[in-house]
$ cat target-v4.txt   # compact mmCIF, N, CA and C atoms
# COMPACT_ATOMS: atom_id res chain seq x y z
N MET A 1 -78.73 246.68 -197.78
CA MET A 1 -77.39 247.18 -198.02
C MET A 1 -76.36 246.42 -197.19
N ASN A 2 -76.71 246.05 -195.96
CA ASN A 2 -75.77 245.32 -195.13
C ASN A 2 -75.41 243.97 -195.74
N GLN A 3 -76.37 243.33 -196.41
CA GLN A 3 -76.09 242.04 -197.07
C GLN A 3 -75.11 242.23 -198.22
N LEU A 4 -75.26 243.31 -198.96
CA LEU A 4 -74.37 243.59 -200.08
C LEU A 4 -72.95 243.86 -199.57
N LEU A 5 -72.84 244.63 -198.52
CA LEU A 5 -71.53 244.91 -197.94
C LEU A 5 -70.90 243.65 -197.39
N GLN A 6 -71.69 242.81 -196.76
CA GLN A 6 -71.18 241.55 -196.23
C GLN A 6 -70.67 240.65 -197.36
N ARG A 7 -71.42 240.59 -198.44
CA ARG A 7 -71.00 239.77 -199.60
C ARG A 7 -69.71 240.32 -200.19
N ALA A 8 -69.58 241.64 -200.25
CA ALA A 8 -68.36 242.24 -200.77
C ALA A 8 -67.17 241.87 -199.88
N LYS A 9 -67.36 241.90 -198.59
CA LYS A 9 -66.28 241.53 -197.66
C LYS A 9 -65.89 240.06 -197.82
N GLU A 10 -66.87 239.22 -198.10
CA GLU A 10 -66.61 237.79 -198.31
C GLU A 10 -65.75 237.55 -199.56
N LEU A 11 -65.82 238.46 -200.52
CA LEU A 11 -65.04 238.33 -201.75
C LEU A 11 -63.58 238.75 -201.58
N ASN A 12 -63.24 239.33 -200.45
CA ASN A 12 -61.89 239.86 -200.25
C ASN A 12 -60.78 238.84 -200.55
N PRO A 13 -60.81 237.62 -200.03
CA PRO A 13 -59.72 236.68 -200.34
C PRO A 13 -59.57 236.41 -201.84
N GLU A 14 -60.68 236.32 -202.53
CA GLU A 14 -60.65 236.08 -203.98
C GLU A 14 -60.05 237.28 -204.72
N ILE A 15 -60.43 238.48 -204.31
CA ILE A 15 -59.90 239.69 -204.93
C ILE A 15 -58.40 239.81 -204.68
N VAL A 16 -57.97 239.50 -203.47
CA VAL A 16 -56.54 239.53 -203.15
C VAL A 16 -55.78 238.51 -203.99
N SER A 17 -56.36 237.34 -204.18
CA SER A 17 -55.73 236.31 -205.01
C SER A 17 -55.58 236.78 -206.46
N HIS A 18 -56.63 237.39 -207.01
CA HIS A 18 -56.54 237.94 -208.37
C HIS A 18 -55.43 239.00 -208.44
N ARG A 19 -55.43 239.89 -207.46
CA ARG A 19 -54.45 240.98 -207.46
C ARG A 19 -53.02 240.43 -207.45
N ARG A 20 -52.78 239.44 -206.63
CA ARG A 20 -51.42 238.88 -206.55
C ARG A 20 -51.04 238.18 -207.84
N ARG A 21 -51.99 237.54 -208.48
CA ARG A 21 -51.70 236.90 -209.77
C ARG A 21 -51.33 237.96 -210.81
N PHE A 22 -52.12 239.04 -210.89
CA PHE A 22 -51.80 240.12 -211.84
C PHE A 22 -50.46 240.75 -211.50
N HIS A 23 -50.20 240.96 -210.21
CA HIS A 23 -48.96 241.61 -209.80
C HIS A 23 -47.74 240.78 -210.19
N GLN A 24 -47.86 239.49 -210.06
CA GLN A 24 -46.74 238.59 -210.35
C GLN A 24 -46.49 238.42 -211.84
N ASN A 25 -47.50 238.71 -212.67
CA ASN A 25 -47.40 238.48 -214.11
C ASN A 25 -47.79 239.73 -214.91
N PRO A 26 -47.09 240.85 -214.70
CA PRO A 26 -47.46 242.09 -215.38
C PRO A 26 -47.15 242.04 -216.88
N GLU A 27 -47.97 242.77 -217.64
CA GLU A 27 -47.75 242.89 -219.09
C GLU A 27 -47.85 244.36 -219.46
N LEU A 28 -47.18 244.72 -220.54
CA LEU A 28 -47.07 246.12 -220.97
C LEU A 28 -47.92 246.42 -222.20
N GLY A 29 -48.41 247.65 -222.27
CA GLY A 29 -48.99 248.18 -223.49
C GLY A 29 -50.35 247.64 -223.86
N LEU A 30 -50.55 247.53 -225.17
CA LEU A 30 -51.83 247.08 -225.73
C LEU A 30 -51.97 245.57 -225.79
N HIS A 31 -50.84 244.87 -225.80
CA HIS A 31 -50.85 243.42 -225.98
C HIS A 31 -50.68 242.74 -224.62
N LEU A 32 -51.79 242.29 -224.04
CA LEU A 32 -51.80 241.68 -222.71
C LEU A 32 -52.45 240.30 -222.78
N PRO A 33 -51.82 239.36 -223.49
CA PRO A 33 -52.49 238.08 -223.75
C PRO A 33 -52.81 237.27 -222.51
N LYS A 34 -51.89 237.18 -221.56
CA LYS A 34 -52.14 236.38 -220.36
C LYS A 34 -53.18 237.05 -219.45
N THR A 35 -53.04 238.35 -219.30
CA THR A 35 -53.97 239.09 -218.45
C THR A 35 -55.38 239.02 -219.01
N SER A 36 -55.54 239.30 -220.30
CA SER A 36 -56.89 239.31 -220.89
C SER A 36 -57.49 237.90 -220.92
N ALA A 37 -56.69 236.88 -221.14
CA ALA A 37 -57.20 235.51 -221.14
C ALA A 37 -57.71 235.13 -219.74
N TYR A 38 -56.96 235.51 -218.73
CA TYR A 38 -57.37 235.22 -217.35
C TYR A 38 -58.67 235.95 -217.01
N ILE A 39 -58.78 237.21 -217.38
CA ILE A 39 -59.98 237.98 -217.09
C ILE A 39 -61.19 237.36 -217.79
N CYS A 40 -61.05 237.03 -219.06
CA CYS A 40 -62.16 236.40 -219.79
C CYS A 40 -62.56 235.08 -219.14
N GLU A 41 -61.57 234.29 -218.75
CA GLU A 41 -61.86 233.01 -218.09
C GLU A 41 -62.65 233.23 -216.80
N GLN A 42 -62.24 234.20 -216.00
CA GLN A 42 -62.93 234.48 -214.75
C GLN A 42 -64.36 234.99 -215.00
N LEU A 43 -64.51 235.87 -215.96
CA LEU A 43 -65.84 236.40 -216.29
C LEU A 43 -66.76 235.29 -216.79
N GLU A 44 -66.23 234.40 -217.61
CA GLU A 44 -67.04 233.28 -218.12
C GLU A 44 -67.48 232.37 -216.98
N LYS A 45 -66.61 232.14 -216.00
CA LYS A 45 -66.98 231.33 -214.83
C LYS A 45 -68.14 231.96 -214.07
N MET A 46 -68.24 233.28 -214.12
CA MET A 46 -69.32 234.00 -213.44
C MET A 46 -70.61 234.03 -214.27
N GLY A 47 -70.55 233.57 -215.52
CA GLY A 47 -71.72 233.56 -216.38
C GLY A 47 -71.78 234.71 -217.37
N TYR A 48 -70.72 235.50 -217.46
CA TYR A 48 -70.67 236.59 -218.44
C TYR A 48 -70.28 236.05 -219.81
N GLN A 49 -70.54 236.84 -220.82
CA GLN A 49 -70.07 236.57 -222.17
C GLN A 49 -69.19 237.75 -222.58
N PRO A 50 -67.94 237.73 -222.13
CA PRO A 50 -67.07 238.89 -222.41
C PRO A 50 -66.80 239.06 -223.89
N GLN A 51 -66.75 240.32 -224.30
CA GLN A 51 -66.44 240.65 -225.69
C GLN A 51 -65.01 241.19 -225.74
N ARG A 52 -64.26 240.71 -226.70
CA ARG A 52 -62.92 241.25 -226.94
C ARG A 52 -63.06 242.44 -227.87
N ILE A 53 -62.36 243.48 -227.55
CA ILE A 53 -62.29 244.65 -228.42
C ILE A 53 -60.82 244.81 -228.77
N GLY A 54 -60.51 244.61 -230.03
CA GLY A 54 -59.10 244.65 -230.42
C GLY A 54 -58.36 243.46 -229.84
N ASP A 55 -57.10 243.69 -229.51
CA ASP A 55 -56.22 242.61 -229.06
C ASP A 55 -56.50 242.17 -227.63
N SER A 56 -56.57 243.11 -226.69
CA SER A 56 -56.66 242.73 -225.28
C SER A 56 -57.74 243.44 -224.49
N SER A 57 -58.47 244.36 -225.08
CA SER A 57 -59.54 245.06 -224.37
C SER A 57 -60.73 244.12 -224.19
N ILE A 58 -61.43 244.29 -223.07
CA ILE A 58 -62.55 243.41 -222.75
C ILE A 58 -63.74 244.24 -222.28
N LEU A 59 -64.92 243.84 -222.73
CA LEU A 59 -66.17 244.47 -222.31
C LEU A 59 -67.13 243.37 -221.89
N ALA A 60 -67.78 243.57 -220.75
CA ALA A 60 -68.82 242.66 -220.29
C ALA A 60 -69.94 243.53 -219.73
N ALA A 61 -71.15 243.00 -219.71
CA ALA A 61 -72.28 243.78 -219.21
C ALA A 61 -73.19 242.91 -218.35
N VAL A 62 -73.85 243.58 -217.41
CA VAL A 62 -74.80 242.91 -216.52
C VAL A 62 -75.98 243.83 -216.30
N GLY A 63 -77.17 243.24 -216.14
CA GLY A 63 -78.38 244.02 -215.92
C GLY A 63 -79.05 244.37 -217.23
N ASN A 64 -80.07 245.19 -217.12
CA ASN A 64 -80.74 245.71 -218.31
C ASN A 64 -81.56 246.93 -217.91
N GLY A 65 -81.88 247.72 -218.88
CA GLY A 65 -82.63 248.93 -218.62
C GLY A 65 -82.07 250.10 -219.39
N ASP A 66 -82.74 251.23 -219.28
CA ASP A 66 -82.36 252.41 -220.04
C ASP A 66 -81.10 253.09 -219.52
N LYS A 67 -80.88 253.04 -218.24
CA LYS A 67 -79.70 253.68 -217.66
C LYS A 67 -78.49 252.78 -217.88
N THR A 68 -77.35 253.39 -218.18
CA THR A 68 -76.12 252.64 -218.35
C THR A 68 -75.04 253.26 -217.48
N PHE A 69 -74.35 252.40 -216.76
CA PHE A 69 -73.24 252.80 -215.91
C PHE A 69 -72.00 252.08 -216.40
N LEU A 70 -70.86 252.70 -216.26
CA LEU A 70 -69.62 252.10 -216.73
C LEU A 70 -68.63 252.02 -215.57
N LEU A 71 -68.06 250.84 -215.38
CA LEU A 71 -66.96 250.65 -214.44
C LEU A 71 -65.75 250.24 -215.25
N ARG A 72 -64.60 250.89 -215.02
CA ARG A 72 -63.42 250.67 -215.84
C ARG A 72 -62.20 250.36 -214.97
N ALA A 73 -61.39 249.45 -215.47
CA ALA A 73 -60.11 249.15 -214.82
C ALA A 73 -59.01 249.13 -215.88
N ASP A 74 -57.89 249.70 -215.55
CA ASP A 74 -56.72 249.63 -216.43
C ASP A 74 -55.91 248.40 -216.04
N MET A 75 -55.27 247.76 -217.03
CA MET A 75 -54.64 246.46 -216.80
C MET A 75 -53.13 246.45 -217.02
N ASP A 76 -52.58 247.47 -217.65
CA ASP A 76 -51.17 247.41 -218.05
C ASP A 76 -50.23 247.78 -216.91
N ALA A 77 -48.99 247.39 -217.07
CA ALA A 77 -47.94 247.64 -216.08
C ALA A 77 -46.93 248.63 -216.63
N LEU A 78 -45.89 248.85 -215.85
CA LEU A 78 -44.80 249.73 -216.24
C LEU A 78 -43.52 248.92 -216.41
N CYS A 79 -42.61 249.45 -217.20
CA CYS A 79 -41.32 248.80 -217.39
C CYS A 79 -40.39 249.25 -216.25
N VAL A 80 -40.69 248.74 -215.07
CA VAL A 80 -39.96 249.07 -213.84
C VAL A 80 -39.63 247.75 -213.15
N THR A 81 -38.42 247.61 -212.68
CA THR A 81 -38.03 246.38 -211.98
C THR A 81 -38.46 246.48 -210.52
N GLU A 82 -39.21 245.50 -210.07
CA GLU A 82 -39.66 245.48 -208.68
C GLU A 82 -38.52 245.10 -207.77
N GLN A 83 -38.40 245.81 -206.68
CA GLN A 83 -37.31 245.55 -205.73
C GLN A 83 -37.89 245.23 -204.35
N THR A 84 -38.66 244.15 -204.29
CA THR A 84 -39.22 243.69 -203.02
C THR A 84 -38.92 242.21 -202.87
N ASP A 85 -39.19 241.72 -201.69
CA ASP A 85 -39.06 240.29 -201.43
C ASP A 85 -40.42 239.63 -201.24
N LEU A 86 -41.46 240.28 -201.73
CA LEU A 86 -42.80 239.73 -201.58
C LEU A 86 -42.91 238.38 -202.30
N PRO A 87 -43.63 237.45 -201.74
CA PRO A 87 -43.77 236.15 -202.40
C PRO A 87 -44.49 236.25 -203.75
N PHE A 88 -45.24 237.32 -203.99
CA PHE A 88 -45.95 237.50 -205.26
C PHE A 88 -45.32 238.60 -206.11
N ARG A 89 -44.04 238.88 -205.90
CA ARG A 89 -43.37 239.94 -206.67
C ARG A 89 -43.34 239.57 -208.16
N SER A 90 -43.17 240.58 -208.95
CA SER A 90 -43.13 240.41 -210.40
C SER A 90 -42.03 239.42 -210.79
N GLN A 91 -42.33 238.63 -211.80
CA GLN A 91 -41.39 237.60 -212.26
C GLN A 91 -40.72 237.93 -213.58
N ASN A 92 -41.04 239.11 -214.18
CA ASN A 92 -40.56 239.33 -215.55
C ASN A 92 -39.89 240.68 -215.82
N GLY A 93 -39.50 241.41 -214.77
CA GLY A 93 -38.81 242.67 -215.00
C GLY A 93 -39.71 243.88 -215.20
N CYS A 94 -41.00 243.67 -215.23
CA CYS A 94 -41.98 244.76 -215.29
C CYS A 94 -42.70 244.79 -213.96
N MET A 95 -43.55 245.81 -213.77
CA MET A 95 -44.20 245.90 -212.46
C MET A 95 -45.50 246.69 -212.53
N HIS A 96 -46.46 246.25 -211.72
CA HIS A 96 -47.67 247.03 -211.50
C HIS A 96 -47.35 248.02 -210.38
N ALA A 97 -46.73 249.13 -210.74
CA ALA A 97 -46.31 250.12 -209.76
C ALA A 97 -47.37 251.19 -209.54
N CYS A 98 -48.41 251.21 -210.34
CA CYS A 98 -49.45 252.25 -210.24
C CYS A 98 -50.79 251.71 -209.77
N GLY A 99 -50.86 250.47 -209.37
CA GLY A 99 -52.11 249.93 -208.85
C GLY A 99 -53.05 249.31 -209.85
N HIS A 100 -52.62 249.15 -211.09
CA HIS A 100 -53.52 248.58 -212.08
C HIS A 100 -53.88 247.13 -211.75
N ASP A 101 -52.98 246.43 -211.07
CA ASP A 101 -53.30 245.07 -210.63
C ASP A 101 -54.48 245.09 -209.67
N MET A 102 -54.51 246.09 -208.79
CA MET A 102 -55.63 246.23 -207.85
C MET A 102 -56.91 246.66 -208.57
N HIS A 103 -56.77 247.59 -209.52
CA HIS A 103 -57.95 248.04 -210.27
C HIS A 103 -58.64 246.85 -210.95
N THR A 104 -57.83 246.04 -211.62
CA THR A 104 -58.37 244.91 -212.36
C THR A 104 -58.99 243.87 -211.43
N ALA A 105 -58.31 243.59 -210.32
CA ALA A 105 -58.83 242.62 -209.34
C ALA A 105 -60.14 243.12 -208.73
N MET A 106 -60.21 244.41 -208.42
CA MET A 106 -61.42 244.97 -207.83
C MET A 106 -62.58 244.95 -208.81
N LEU A 107 -62.29 245.16 -210.11
CA LEU A 107 -63.37 245.11 -211.09
C LEU A 107 -63.89 243.69 -211.26
N LEU A 108 -63.01 242.70 -211.16
CA LEU A 108 -63.48 241.31 -211.17
C LEU A 108 -64.37 241.05 -209.95
N GLY A 109 -63.99 241.61 -208.81
CA GLY A 109 -64.83 241.47 -207.61
C GLY A 109 -66.18 242.14 -207.80
N ALA A 110 -66.19 243.33 -208.38
CA ALA A 110 -67.45 244.03 -208.64
C ALA A 110 -68.30 243.24 -209.63
N ALA A 111 -67.65 242.63 -210.63
CA ALA A 111 -68.37 241.82 -211.61
C ALA A 111 -69.09 240.66 -210.92
N LYS A 112 -68.41 240.03 -209.99
CA LYS A 112 -69.02 238.90 -209.27
C LYS A 112 -70.17 239.38 -208.39
N LEU A 113 -69.96 240.46 -207.69
CA LEU A 113 -70.99 241.02 -206.82
C LEU A 113 -72.22 241.43 -207.62
N LEU A 114 -71.99 242.13 -208.73
CA LEU A 114 -73.10 242.57 -209.57
C LEU A 114 -73.85 241.40 -210.19
N ARG A 115 -73.12 240.39 -210.61
CA ARG A 115 -73.76 239.21 -211.22
C ARG A 115 -74.71 238.55 -210.23
N GLY A 116 -74.30 238.52 -208.98
CA GLY A 116 -75.13 237.92 -207.95
C GLY A 116 -76.36 238.74 -207.60
N HIS A 117 -76.38 240.00 -208.03
CA HIS A 117 -77.50 240.89 -207.74
C HIS A 117 -78.10 241.49 -209.01
N GLN A 118 -77.91 240.80 -210.13
CA GLN A 118 -78.35 241.37 -211.41
C GLN A 118 -79.85 241.61 -211.48
N SER A 119 -80.63 240.79 -210.82
CA SER A 119 -82.09 240.98 -210.87
C SER A 119 -82.52 242.26 -210.15
N GLU A 120 -81.66 242.80 -209.31
CA GLU A 120 -81.98 244.02 -208.56
C GLU A 120 -81.52 245.29 -209.29
N LEU A 121 -80.79 245.13 -210.39
CA LEU A 121 -80.25 246.28 -211.10
C LEU A 121 -81.32 246.97 -211.93
N ASN A 122 -81.35 248.27 -211.83
CA ASN A 122 -82.29 249.08 -212.62
C ASN A 122 -81.46 249.81 -213.69
N GLY A 123 -80.92 249.05 -214.60
CA GLY A 123 -80.05 249.58 -215.63
C GLY A 123 -79.00 248.55 -215.99
N THR A 124 -78.11 248.95 -216.86
CA THR A 124 -77.03 248.09 -217.33
C THR A 124 -75.71 248.62 -216.80
N VAL A 125 -74.89 247.72 -216.31
CA VAL A 125 -73.54 248.09 -215.89
C VAL A 125 -72.57 247.47 -216.88
N LYS A 126 -71.78 248.31 -217.53
CA LYS A 126 -70.76 247.83 -218.45
C LYS A 126 -69.43 247.80 -217.72
N LEU A 127 -68.75 246.69 -217.84
CA LEU A 127 -67.45 246.47 -217.21
C LEU A 127 -66.39 246.53 -218.29
N VAL A 128 -65.47 247.48 -218.19
CA VAL A 128 -64.46 247.69 -219.21
C VAL A 128 -63.08 247.44 -218.61
N PHE A 129 -62.35 246.53 -219.23
CA PHE A 129 -60.97 246.24 -218.85
C PHE A 129 -60.09 246.80 -219.97
N GLN A 130 -59.35 247.86 -219.65
CA GLN A 130 -58.61 248.62 -220.66
C GLN A 130 -57.10 248.38 -220.58
N PRO A 131 -56.46 248.07 -221.72
CA PRO A 131 -55.01 247.99 -221.77
C PRO A 131 -54.40 249.38 -222.02
N ASP A 132 -53.13 249.46 -221.93
CA ASP A 132 -52.31 250.61 -222.32
C ASP A 132 -52.79 251.97 -221.81
N GLU A 133 -53.15 252.02 -220.56
CA GLU A 133 -53.45 253.32 -219.96
C GLU A 133 -52.16 254.12 -219.83
N GLU A 134 -51.07 253.43 -219.53
CA GLU A 134 -49.78 254.10 -219.36
C GLU A 134 -49.25 254.67 -220.68
N GLY A 135 -49.57 254.03 -221.79
CA GLY A 135 -49.10 254.49 -223.09
C GLY A 135 -50.07 255.44 -223.78
N PHE A 136 -51.19 255.70 -223.13
CA PHE A 136 -52.18 256.66 -223.60
C PHE A 136 -52.89 256.26 -224.90
N THR A 137 -52.84 254.97 -225.28
CA THR A 137 -53.54 254.57 -226.50
C THR A 137 -54.67 253.57 -226.23
N GLY A 138 -54.78 253.07 -225.02
CA GLY A 138 -55.76 252.03 -224.70
C GLY A 138 -57.19 252.48 -224.88
N ALA A 139 -57.54 253.65 -224.34
CA ALA A 139 -58.92 254.14 -224.47
C ALA A 139 -59.27 254.40 -225.93
N LYS A 140 -58.35 255.00 -226.66
CA LYS A 140 -58.59 255.29 -228.08
C LYS A 140 -58.79 253.98 -228.86
N ALA A 141 -58.00 252.97 -228.54
CA ALA A 141 -58.14 251.68 -229.23
C ALA A 141 -59.51 251.06 -228.94
N MET A 142 -60.02 251.23 -227.72
CA MET A 142 -61.33 250.67 -227.38
C MET A 142 -62.45 251.41 -228.08
N LEU A 143 -62.30 252.73 -228.22
CA LEU A 143 -63.34 253.51 -228.92
C LEU A 143 -63.40 253.11 -230.37

$ encode --input "target-v4.txt" --output "structure tokens"
Amino acid sequence: MNQLLQRAKELNPEIVSHRRRFHQNPELGLHLPKTSAYICEQLEKMGYQPQRIGDSSILAAVGNGDKTFLLRADMDALCVTEQTDLPFRSQNGCMHACGHDMHTAMLLGAAKLLRGHQSELNGTVKLVFQPDEEGFTGAKAML
């Protein structure tokens, strides 16, 4: 367990980098072309074969076995103007004001961690990246 925790801590700079990228480039609703393209690109670099569901929803899986676990992150932002001087502040008049940028970045971190330990998994972990949590249609669109 200590090795797993150490590996997770080592991923911190990468997760922070993902989060800042998402924060700086927020997208609204069901249509998240830049966000979903970036997530798919990152997952493919890790060796996943991400599946697109609809326009911007993404599903990836790791492990195998009868048990299935699901990890989910919401990806959409709000139509709120950010009022900070952060170097990674939003550039387009929208904002990740509810933490979805962090949720998505952390799920990418979990994906990398799980991929590195896939032979130890006793089951399948499904990774779901969901759009439009704020508009209440993202989960329904994925189903």

$ atom_distance --input "target-v4.txt" --atom1 "atom CA of A:Thr68" --atom2 "atom CA of A:Ser119"
15.1 Å

$ closest_residue --input "target-v4.txt" --among "A:Gln3, A:Thr124, A:Gln130, A:Gln42" --to "A:Leu70" --atoms "all atoms listed in the file"
A:Thr124

$ select_by_dssp --input "target-v4.txt" --residues "stretch 52-136 of chain A" --states "strand (DSSP E or B)" --output "short mmCIF file (atom, residue, chain, number, x, y, z; two decimals) with N, CA and C atoms, in the frame of the given file"
data_model
loop_
_atom_site.label_atom_id
_atom_site.label_comp_id
_atom_site.auth_asym_id
_atom_site.auth_seq_id
_atom_site.Cartn_x
_atom_site.Cartn_y
_atom_site.Cartn_z
N ARG A 52 -64.26 240.71 -226.70
CA ARG A 52 -62.92 241.25 -226.94
C ARG A 52 -63.06 242.44 -227.87
N ILE A 53 -62.36 243.48 -227.55
CA ILE A 53 -62.29 244.65 -228.42
C ILE A 53 -60.82 244.81 -228.77
N SER A 57 -58.47 244.36 -225.08
CA SER A 57 -59.54 245.06 -224.37
C SER A 57 -60.73 244.12 -224.19
N ILE A 58 -61.43 244.29 -223.07
CA ILE A 58 -62.55 243.41 -222.75
C ILE A 58 -63.74 244.24 -222.28
N LEU A 59 -64.92 243.84 -222.73
CA LEU A 59 -66.17 244.47 -222.31
C LEU A 59 -67.13 243.37 -221.89
N ALA A 60 -67.78 243.57 -220.75
CA ALA A 60 -68.82 242.66 -220.29
C ALA A 60 -69.94 243.53 -219.73
N ALA A 61 -71.15 243.00 -219.71
CA ALA A 61 -72.28 243.78 -219.21
C ALA A 61 -73.19 242.91 -218.35
N VAL A 62 -73.85 243.58 -217.41
CA VAL A 62 -74.80 242.91 -216.52
C VAL A 62 -75.98 243.83 -216.30
N GLY A 63 -77.17 243.24 -216.14
CA GLY A 63 -78.38 244.02 -215.92
C GLY A 63 -79.05 244.37 -217.23
N ASN A 64 -80.07 245.19 -217.12
CA ASN A 64 -80.74 245.71 -218.31
C ASN A 64 -81.56 246.93 -217.91
N THR A 68 -77.35 253.39 -218.18
CA THR A 68 -76.12 252.64 -218.35
C THR A 68 -75.04 253.26 -217.48
N PHE A 69 -74.35 252.40 -216.76
CA PHE A 69 -73.24 252.80 -215.91
C PHE A 69 -72.00 252.08 -216.40
N LEU A 70 -70.86 252.70 -216.26
CA LEU A 70 -69.62 252.10 -216.73
C LEU A 70 -68.63 252.02 -215.57
N LEU A 71 -68.06 250.84 -215.38
CA LEU A 71 -66.96 250.65 -214.44
C LEU A 71 -65.75 250.24 -215.25
N ARG A 72 -64.60 250.89 -215.02
CA ARG A 72 -63.42 250.67 -215.84
C ARG A 72 -62.20 250.36 -214.97
N ALA A 73 -61.39 249.45 -215.47
CA ALA A 73 -60.11 249.15 -214.82
C ALA A 73 -59.01 249.13 -215.88
N ASP A 74 -57.89 249.70 -215.55
CA ASP A 74 -56.72 249.63 -216.43
C ASP A 74 -55.91 248.40 -216.04
N LEU A 78 -45.89 248.85 -215.85
CA LEU A 78 -44.80 249.73 -216.24
C LEU A 78 -43.52 248.92 -216.41
N MET A 95 -43.55 245.81 -213.77
CA MET A 95 -44.20 245.90 -212.46
C MET A 95 -45.50 246.69 -212.53
N GLY A 123 -80.92 249.05 -214.60
CA GLY A 123 -80.05 249.58 -215.63
C GLY A 123 -79.00 248.55 -215.99
N THR A 124 -78.11 248.95 -216.86
CA THR A 124 -77.03 248.09 -217.33
C THR A 124 -75.71 248.62 -216.80
N VAL A 125 -74.89 247.72 -216.31
CA VAL A 125 -73.54 248.09 -215.89
C VAL A 125 -72.57 247.47 -216.88
N LYS A 126 -71.78 248.31 -217.53
CA LYS A 126 -70.76 247.83 -218.45
C LYS A 126 -69.43 247.80 -217.72
N LEU A 127 -68.75 246.69 -217.84
CA LEU A 127 -67.45 246.47 -217.21
C LEU A 127 -66.39 246.53 -218.29
N VAL A 128 -65.47 247.48 -218.19
CA VAL A 128 -64.46 247.69 -219.21
C VAL A 128 -63.08 247.44 -218.61
N PHE A 129 -62.35 246.53 -219.23
CA PHE A 129 -60.97 246.24 -218.85
C PHE A 129 -60.09 246.80 -219.97
N GLN A 130 -59.35 247.86 -219.65
CA GLN A 130 -58.61 248.62 -220.66
C GLN A 130 -57.10 248.38 -220.58
#

$ residues_around --input "target-v4.txt" --residues "stretch 97-111 of chain A" --least-positions-apart "3" --cutoff "9 Å" --atoms "only C-alpha atoms" --output "PyMOL selection string"
chain A and resi 8+11-12+14-23+26+39+42-43+46+48+60-62+71-78+80+82+94+114-116+127-129

$ atom_distance --input "target-v4.txt" --atom1 "atom CA of A:Gln91" --atom2 "atom CA of A:Lys9"
29.1 Å

$ closest_residue --input "target-v4.txt" --among "A:His96, A:Lys45, A:Phe88, A:Leu30" --to "A:Thr137" --atoms "all atoms listed in the file"
A:Leu30

$ atom_distance --input "target-v4.txt" --atom1 "atom N of A:Gln118" --atom2 "atom N of A:Gly54"
26.7 Å

$ closest_residue --input "target-v4.txt" --among "A:Glu10, A:Asp55, A:Glu133, A:Glu44" --to "A:His31" --atoms "only C-alpha atoms"
A:Asp55

$ closest_residue --input "target-v4.txt" --among "A:Met142, A:Glu134, A:Gly123, A:Glu41" --to "A:Asp66" --atoms "only C-alpha atoms"
A:Gly123

$ closest_residue --input "target-v4.txt" --among "A:Gln24, A:Gln49, A:Gly63, A:Leu4" --to "A:Asp85" --atoms "only C-alpha atoms"
A:Gln24

$ select_by_dssp --input "target-v4.txt" --residues "stretch 9-136 of chain A" --states "helix (DSSP H, G or I)" --output "MDAnalysis selection string"
chainID A and resid 9:10 12:24 33:45 100:116 118:120

$ closest_residue --input "target-v4.txt" --among "A:Ala139, A:Lys112, A:Arg52, A:Pro131" --to "A:Gly29" --atoms "all atoms listed in the file"
A:Pro131

$ residues_around --input "target-v4.txt" --residues "A:Thr81" --least-positions-apart "4" --cutoff "8 Å" --atoms "all atoms listed in the file" --output "list in words"
Ser90, Asn92, Gly93, Cys94 and Met95 of chain A

$ axis_aligned_box --input "target-v4.txt" --around "stretch 86-95 of chain A" --padding-each-side "3 Å" --output "AutoDock Vina command-line options"
--center_x -42.4 --center_y 241.4 --center_z -208.7 --size_x 13.1 --size_y 16.5 --size_z 20.2
